[in-house]
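Source file: input37.txt (compact mmCIF, C-alpha atoms)
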# COMPACT_ATOMS: atom_id res chain seq x y z
CA MET A 98 150.00 -34.79 -102.44
CA THR A 99 151.06 -38.06 -100.87
CA ASP A 100 150.30 -40.48 -98.07
CA ASP A 101 152.81 -42.63 -96.25
CA ASN A 102 151.87 -46.26 -95.68
CA ASP A 103 153.50 -49.69 -95.54
CA GLU A 104 154.42 -49.45 -99.23
CA GLY A 105 156.15 -46.08 -98.86
CA ILE A 106 154.93 -42.86 -100.43
CA VAL A 107 151.67 -43.28 -102.34
CA PRO A 108 150.46 -40.48 -104.63
CA ARG A 109 147.08 -38.95 -103.80
CA PHE A 110 145.78 -35.40 -103.98
CA THR A 111 142.87 -33.13 -103.10
CA VAL A 112 141.90 -29.97 -104.98
CA SER A 113 139.13 -27.58 -103.94
CA GLY A 114 137.27 -24.57 -105.25
CA ARG A 115 134.32 -22.38 -104.36
CA ILE A 116 131.45 -21.71 -106.74
CA ALA A 117 128.97 -18.89 -106.15
CA ARG A 118 125.85 -21.02 -106.54
CA PRO A 119 123.76 -23.19 -104.18
CA VAL A 120 124.96 -26.74 -103.61
CA ARG A 121 121.95 -28.21 -105.46
CA GLU A 122 122.90 -26.35 -108.64
CA VAL A 123 126.60 -27.19 -108.39
CA PHE A 124 125.93 -30.87 -107.65
CA GLU A 125 123.56 -31.08 -110.63
CA ALA A 126 126.29 -29.61 -112.86
CA VAL A 127 128.32 -32.76 -112.14
CA VAL A 128 125.70 -35.52 -112.17
CA ASP A 129 123.84 -34.32 -115.30
CA PRO A 130 125.78 -35.48 -118.40
CA ALA A 131 124.57 -32.58 -120.56
CA LYS A 132 125.84 -30.04 -118.02
CA LEU A 133 129.10 -31.91 -117.41
CA SER A 134 129.68 -31.95 -121.18
CA GLY A 135 129.27 -28.16 -121.21
CA TYR A 136 132.45 -27.51 -119.25
CA PHE A 137 134.48 -30.70 -118.63
CA THR A 138 133.92 -33.74 -120.85
CA THR A 139 134.63 -31.89 -124.08
CA GLY A 140 133.94 -35.01 -126.15
CA GLY A 141 130.71 -35.67 -124.26
CA ALA A 142 129.40 -37.53 -121.22
CA LYS A 143 126.85 -40.33 -121.43
CA GLY A 144 124.81 -41.41 -118.43
CA ARG A 145 123.70 -39.67 -115.27
CA LEU A 146 125.86 -40.24 -112.20
CA GLU A 147 123.80 -42.58 -110.00
CA THR A 148 125.01 -45.21 -107.53
CA GLY A 149 125.85 -48.45 -109.35
CA ALA A 150 125.87 -46.94 -112.86
CA THR A 151 128.68 -47.11 -115.37
CA VAL A 152 128.86 -43.97 -117.51
CA THR A 153 131.29 -42.81 -120.18
CA TRP A 154 133.31 -39.62 -120.37
CA ASP A 155 135.11 -38.48 -123.52
CA PHE A 156 137.69 -35.68 -123.70
CA HIS A 157 139.12 -33.95 -126.77
CA ASP A 158 142.55 -33.93 -125.14
CA PHE A 159 142.38 -37.71 -124.46
CA PRO A 160 140.12 -39.08 -127.22
CA GLY A 161 138.15 -42.23 -126.63
CA ALA A 162 135.34 -42.74 -124.16
CA PHE A 163 136.45 -43.66 -120.64
CA PRO A 164 134.17 -45.91 -118.59
CA VAL A 165 133.50 -44.47 -115.14
CA THR A 166 131.98 -46.63 -112.40
CA VAL A 167 129.76 -44.74 -109.97
CA VAL A 168 130.38 -46.27 -106.54
CA GLU A 169 128.23 -43.91 -104.47
CA VAL A 170 126.10 -40.82 -104.87
CA VAL A 171 124.80 -38.99 -101.80
CA PRO A 172 122.65 -36.18 -103.26
CA GLU A 173 124.15 -32.73 -102.75
CA ARG A 174 126.95 -34.15 -100.55
CA ARG A 175 129.27 -36.71 -102.18
CA ILE A 176 130.07 -38.61 -105.38
CA VAL A 177 132.53 -41.54 -105.41
CA LEU A 178 133.81 -42.82 -108.76
CA ARG A 179 136.30 -45.41 -109.95
CA TRP A 180 138.12 -45.29 -113.24
CA GLU A 181 141.21 -46.70 -114.87
CA ALA A 182 144.52 -45.02 -114.13
CA ALA A 183 146.70 -43.97 -117.04
CA PRO A 184 148.59 -46.99 -118.39
CA ASP A 185 152.08 -47.51 -117.06
CA ASP A 186 154.86 -50.05 -117.47
CA ASP A 187 154.03 -51.77 -114.18
CA PRO A 188 153.98 -55.56 -114.61
CA GLY A 189 150.84 -55.60 -112.42
CA GLY A 190 148.86 -54.29 -115.39
CA LEU A 191 145.96 -51.88 -115.42
CA TYR A 192 144.29 -50.68 -112.24
CA ASP A 193 141.62 -48.24 -111.04
CA THR A 194 141.82 -45.13 -108.90
CA THR A 195 139.05 -43.71 -106.72
CA VAL A 196 137.75 -40.16 -107.09
CA THR A 197 135.72 -38.64 -104.26
CA MET A 198 133.90 -35.34 -104.80
CA GLU A 199 132.47 -33.57 -101.77
CA PHE A 200 130.04 -30.64 -101.85
CA GLU A 201 129.73 -28.25 -98.91
CA PRO A 202 127.23 -25.39 -98.75
CA LEU A 203 128.76 -22.08 -97.65
CA ASP A 204 127.41 -18.68 -96.67
CA GLY A 205 123.79 -19.76 -96.23
CA ASP A 206 124.00 -21.98 -99.32
CA THR A 207 124.80 -19.09 -101.63
CA ARG A 208 128.19 -20.67 -102.41
CA THR A 209 129.47 -24.24 -102.61
CA ARG A 210 132.90 -25.64 -101.81
CA VAL A 211 133.77 -28.58 -104.06
CA SER A 212 136.66 -30.83 -103.02
CA ILE A 213 137.98 -33.58 -105.27
CA THR A 214 140.33 -36.28 -103.97
CA GLU A 215 141.86 -38.96 -106.17
CA GLU A 216 143.77 -41.88 -104.69
CA GLY A 217 144.90 -45.39 -105.46
CA PHE A 218 147.77 -44.53 -107.81
CA ARG A 219 150.70 -46.91 -107.73
CA PRO A 220 153.86 -45.70 -105.97
CA SER A 221 155.88 -45.70 -109.20
CA ALA A 222 157.20 -43.03 -111.54
CA ALA A 223 154.25 -43.67 -113.86
CA GLY A 224 151.82 -43.52 -110.91
CA PHE A 225 153.18 -40.14 -109.84
CA LYS A 226 153.04 -38.86 -113.43
CA SER A 227 149.41 -40.00 -113.68
CA ALA A 228 148.54 -38.38 -110.33
CA PHE A 229 150.10 -35.05 -111.31
CA GLY A 230 148.29 -35.10 -114.66
CA ASN A 231 144.94 -35.86 -113.03
CA CYS A 232 145.53 -33.20 -110.36
CA GLU A 233 145.94 -30.68 -113.19
CA ALA A 234 142.83 -32.01 -114.94
CA TRP A 235 140.60 -31.85 -111.83
CA THR A 236 141.83 -28.31 -111.13
CA GLY A 237 140.88 -27.41 -114.71
CA MET A 238 137.50 -29.07 -114.19
CA LEU A 239 136.81 -26.92 -111.12
CA CYS A 240 137.84 -23.75 -112.99
CA GLY A 241 135.67 -24.71 -115.95
CA MET A 242 132.73 -25.53 -113.69
CA LYS A 243 133.02 -22.18 -111.90
CA VAL A 244 132.80 -20.06 -115.05
CA TYR A 245 130.17 -22.35 -116.63
CA VAL A 246 127.85 -22.48 -113.62
CA GLU A 247 128.31 -18.84 -112.61
CA HIS A 248 128.48 -17.19 -116.06
CA GLY A 249 127.50 -19.74 -118.73
CA ILE A 250 130.97 -19.64 -120.30
CA THR A 251 132.59 -22.79 -121.70
CA LEU A 252 136.21 -22.21 -120.70
CA ARG A 253 137.56 -25.34 -122.44
CA ASP A 254 135.92 -24.53 -125.80
CA GLY A 255 138.73 -24.75 -128.37
CA PHE A 256 141.37 -25.22 -125.66
CA TYR A 257 142.29 -28.77 -126.64
CA LYS A 258 141.09 -29.06 -130.20

Would it be possible to restate this file's structure as structure tokens?
Amino acid sequence: MTDDNDEGIVPRFTVSGRIARPVREVFEAVVDPAKLSGYFTTGGAKGRLETGATVTWDFHDFPGAFPVTVVEVVPERRIVLRWEAAPDDDPGGLYDTTVTMEFEPLDGDTRTRVSITEEGFRPSAAGFKSAFGNCEAWTGMLCGMKVYVEHGITLRDGFYK
């Protein structure tokens, strides 16, 4: 959950899950805002994830649309995003973290491994709190995506509101 560097321990994490669908279908479930809204962005997503775009994600559990900057999209392989970390009391003010999603075909492309890494949190109590909260949220996203893509079930429906 952490990296050591010149500044000490810096919070970062990676979560992974396997979804029993081809990588094309799983990747599309993330980049298509209508599909993403079906299992993750419970308040809605606006804008397709494409390199250079800025999209918005809204969540019932954290109301208000979050701007998300799409740094890189490599179709069916990787998505890199930047978004604002949860506010903290750091005198340095607001800052962004980087989210990298990687998609790996498994078992003859009948299953897909999705790995999500988020890094760039400040090495402060608030930074660690934000990292732990986002680790929980990305794990929930992978669980929601699995049941949505494999079975058409919206796991988060009514969970937060």

Mind pulling up the distance from atom CA of A:Val165 to atom CA of A:Lys143?
->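 These two atoms are separated by 10.0 Å.
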
Within 6 Å of stretch 110-120 of chain A, which residues of stretch 127-237 of chain A show up? Give each one with its shortest atom-to-atom distance in Å (one decimal) and the two atoms involved, counting all atoms listed in the file, rows by chain then rising residue number, as a Markdown table.
| residue | atom | partner | partner_atom | distance |
| --- | --- | --- | --- | --- |
| A:Pro202 | CA | A:Val120 | CA | 5.5 |
| A:Asp206 | CA | A:Pro119 | CA | 5.0 |
| A:Thr207 | CA | A:Pro119 | CA | 4.9 |
| A:Arg208 | CA | A:Ala117 | CA | 4.2 |
| A:Thr209 | CA | A:Ile116 | CA | 5.2 |
| A:Arg210 | CA | A:Arg115 | CA | 4.4 |
| A:Val211 | CA | A:Ser113 | CA | 5.5 |
| A:Ser212 | CA | A:Ser113 | CA | 4.2 |
| A:Ile213 | CA | A:Val112 | CA | 5.3 |
| A:Thr214 | CA | A:Thr111 | CA | 4.1 |
| A:Glu215 | CA | A:Phe110 | CA | 5.7 |

Residues just named, written with C-alpha atoms as a compact mmCIF listing (two decimals), in the frame of the given file:
# COMPACT_ATOMS: atom_id res chain seq x y z
CA PRO A 202 127.23 -25.39 -98.75
CA ASP A 206 124.00 -21.98 -99.32
CA THR A 207 124.80 -19.09 -101.63
CA ARG A 208 128.19 -20.67 -102.41
CA THR A 209 129.47 -24.24 -102.61
CA ARG A 210 132.90 -25.64 -101.81
CA VAL A 211 133.77 -28.58 -104.06
CA SER A 212 136.66 -30.83 -103.02
CA ILE A 213 137.98 -33.58 -105.27
CA THR A 214 140.33 -36.28 -103.97
CA GLU A 215 141.86 -38.96 -106.17

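Every residue within 10 Å of the file position (129.2, -28.0, -122.2), judged by all atoms listed in the file, is given as Ala126, Pro130, Ala131, Lys132, Leu133, Ser134, Gly135, Tyr136, Phe137, Thr138, Thr139, Gly140, Gly141, Ala142, Gly241, Met242, Tyr245, Gly249, Ile250, Thr251, Leu252, Arg253 and Asp254 of chain A.
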
Counting all atoms listed in the file, what is within 10 Å of A:Pro172, bar same-chain residues fewer than 4 positions away, as a VMD selection string?
-> chain A and resid 120 to 121 124 to 125 128 147 176 200

Using all atoms listed in the file, determine which residues lie at most 7 Å from A:Arg175, disregarding the query and same-chain residues fewer than 5 positions distant; provide the list as a list of chain:residue names.
->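 Selected residues are A:Val170, A:Met198, A:Glu199, A:Phe200.
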
Saved selection, atoms kept: C-alpha atoms, as a PDB file, in the frame of the given file:
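As a result, result09.pdb now contains:
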ATOM      1  CA  VAL A 170     126.100 -40.820-104.870  1.00  0.00           C
ATOM      2  CA  MET A 198     133.900 -35.340-104.800  1.00  0.00           C
ATOM      3  CA  GLU A 199     132.470 -33.570-101.770  1.00  0.00           C
ATOM      4  CA  PHE A 200     130.040 -30.640-101.850  1.00  0.00           C
TER       5      PHE A 200
END

Between A:Ala234, A:Leu191, A:Pro164, A:Pro220, single out the one closest to A:Leu178, counting only C-alpha atoms.
->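 Using only C-alpha atoms, the shortest distance to A:Leu178 belongs to A:Pro164.
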
One decimal, Å: what's the distance from atom CA of A:Val123 over to atom CA of A:Gly144, could you say?
->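 Interatomic distance here is 17.5 Å.
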
For stretch 170-184 of chain A, take all atoms listed in the file, fit an axis-aligned box around them, add 8 Å to each of the six sides, then output centre and edge lengths in Å rounded to one decimal, as JSON.
{"center_x": 135.6, "center_y": -39.9, "center_z": -109.5, "size_x": 41.9, "size_y": 30.3, "size_z": 33.8}

Take atom CA of A:Val167 and atom CA of A:Ala228 and report the distance between them in Å, one decimal.
-> 19.8 Å

Got a minute to add N, CA and C atoms to stretch 117-129 of chain A and dump it as a compact mmCIF listing (two decimals), in the coordinates of the input?
# COMPACT_ATOMS: atom_id res chain seq x y z
N ALA A 117 130.01 -19.78 -106.68
CA ALA A 117 128.97 -18.89 -106.15
C ALA A 117 127.58 -19.28 -106.63
N ARG A 118 127.19 -20.49 -106.26
CA ARG A 118 125.85 -21.02 -106.54
C ARG A 118 125.48 -21.99 -105.42
N PRO A 119 124.18 -22.22 -105.20
CA PRO A 119 123.76 -23.19 -104.18
C PRO A 119 124.25 -24.60 -104.50
N VAL A 120 124.42 -25.39 -103.45
CA VAL A 120 124.96 -26.74 -103.61
C VAL A 120 124.12 -27.58 -104.56
N ARG A 121 122.81 -27.44 -104.56
CA ARG A 121 121.95 -28.21 -105.46
C ARG A 121 122.33 -27.97 -106.91
N GLU A 122 122.56 -26.72 -107.27
CA GLU A 122 122.90 -26.35 -108.64
C GLU A 122 124.30 -26.85 -109.03
N VAL A 123 125.24 -26.74 -108.12
CA VAL A 123 126.60 -27.19 -108.39
C VAL A 123 126.65 -28.71 -108.50
N PHE A 124 125.98 -29.40 -107.61
CA PHE A 124 125.93 -30.87 -107.65
C PHE A 124 125.31 -31.34 -108.97
N GLU A 125 124.24 -30.72 -109.38
CA GLU A 125 123.56 -31.08 -110.63
C GLU A 125 124.47 -30.87 -111.83
N ALA A 126 125.35 -29.88 -111.76
CA ALA A 126 126.29 -29.61 -112.86
C ALA A 126 127.28 -30.76 -113.04
N VAL A 127 127.43 -31.60 -112.03
CA VAL A 127 128.32 -32.76 -112.14
C VAL A 127 127.55 -34.01 -112.53
N VAL A 128 126.40 -34.26 -111.92
CA VAL A 128 125.70 -35.52 -112.17
C VAL A 128 124.94 -35.55 -113.49
N ASP A 129 124.58 -34.40 -114.03
CA ASP A 129 123.84 -34.32 -115.30
C ASP A 129 124.83 -34.35 -116.46
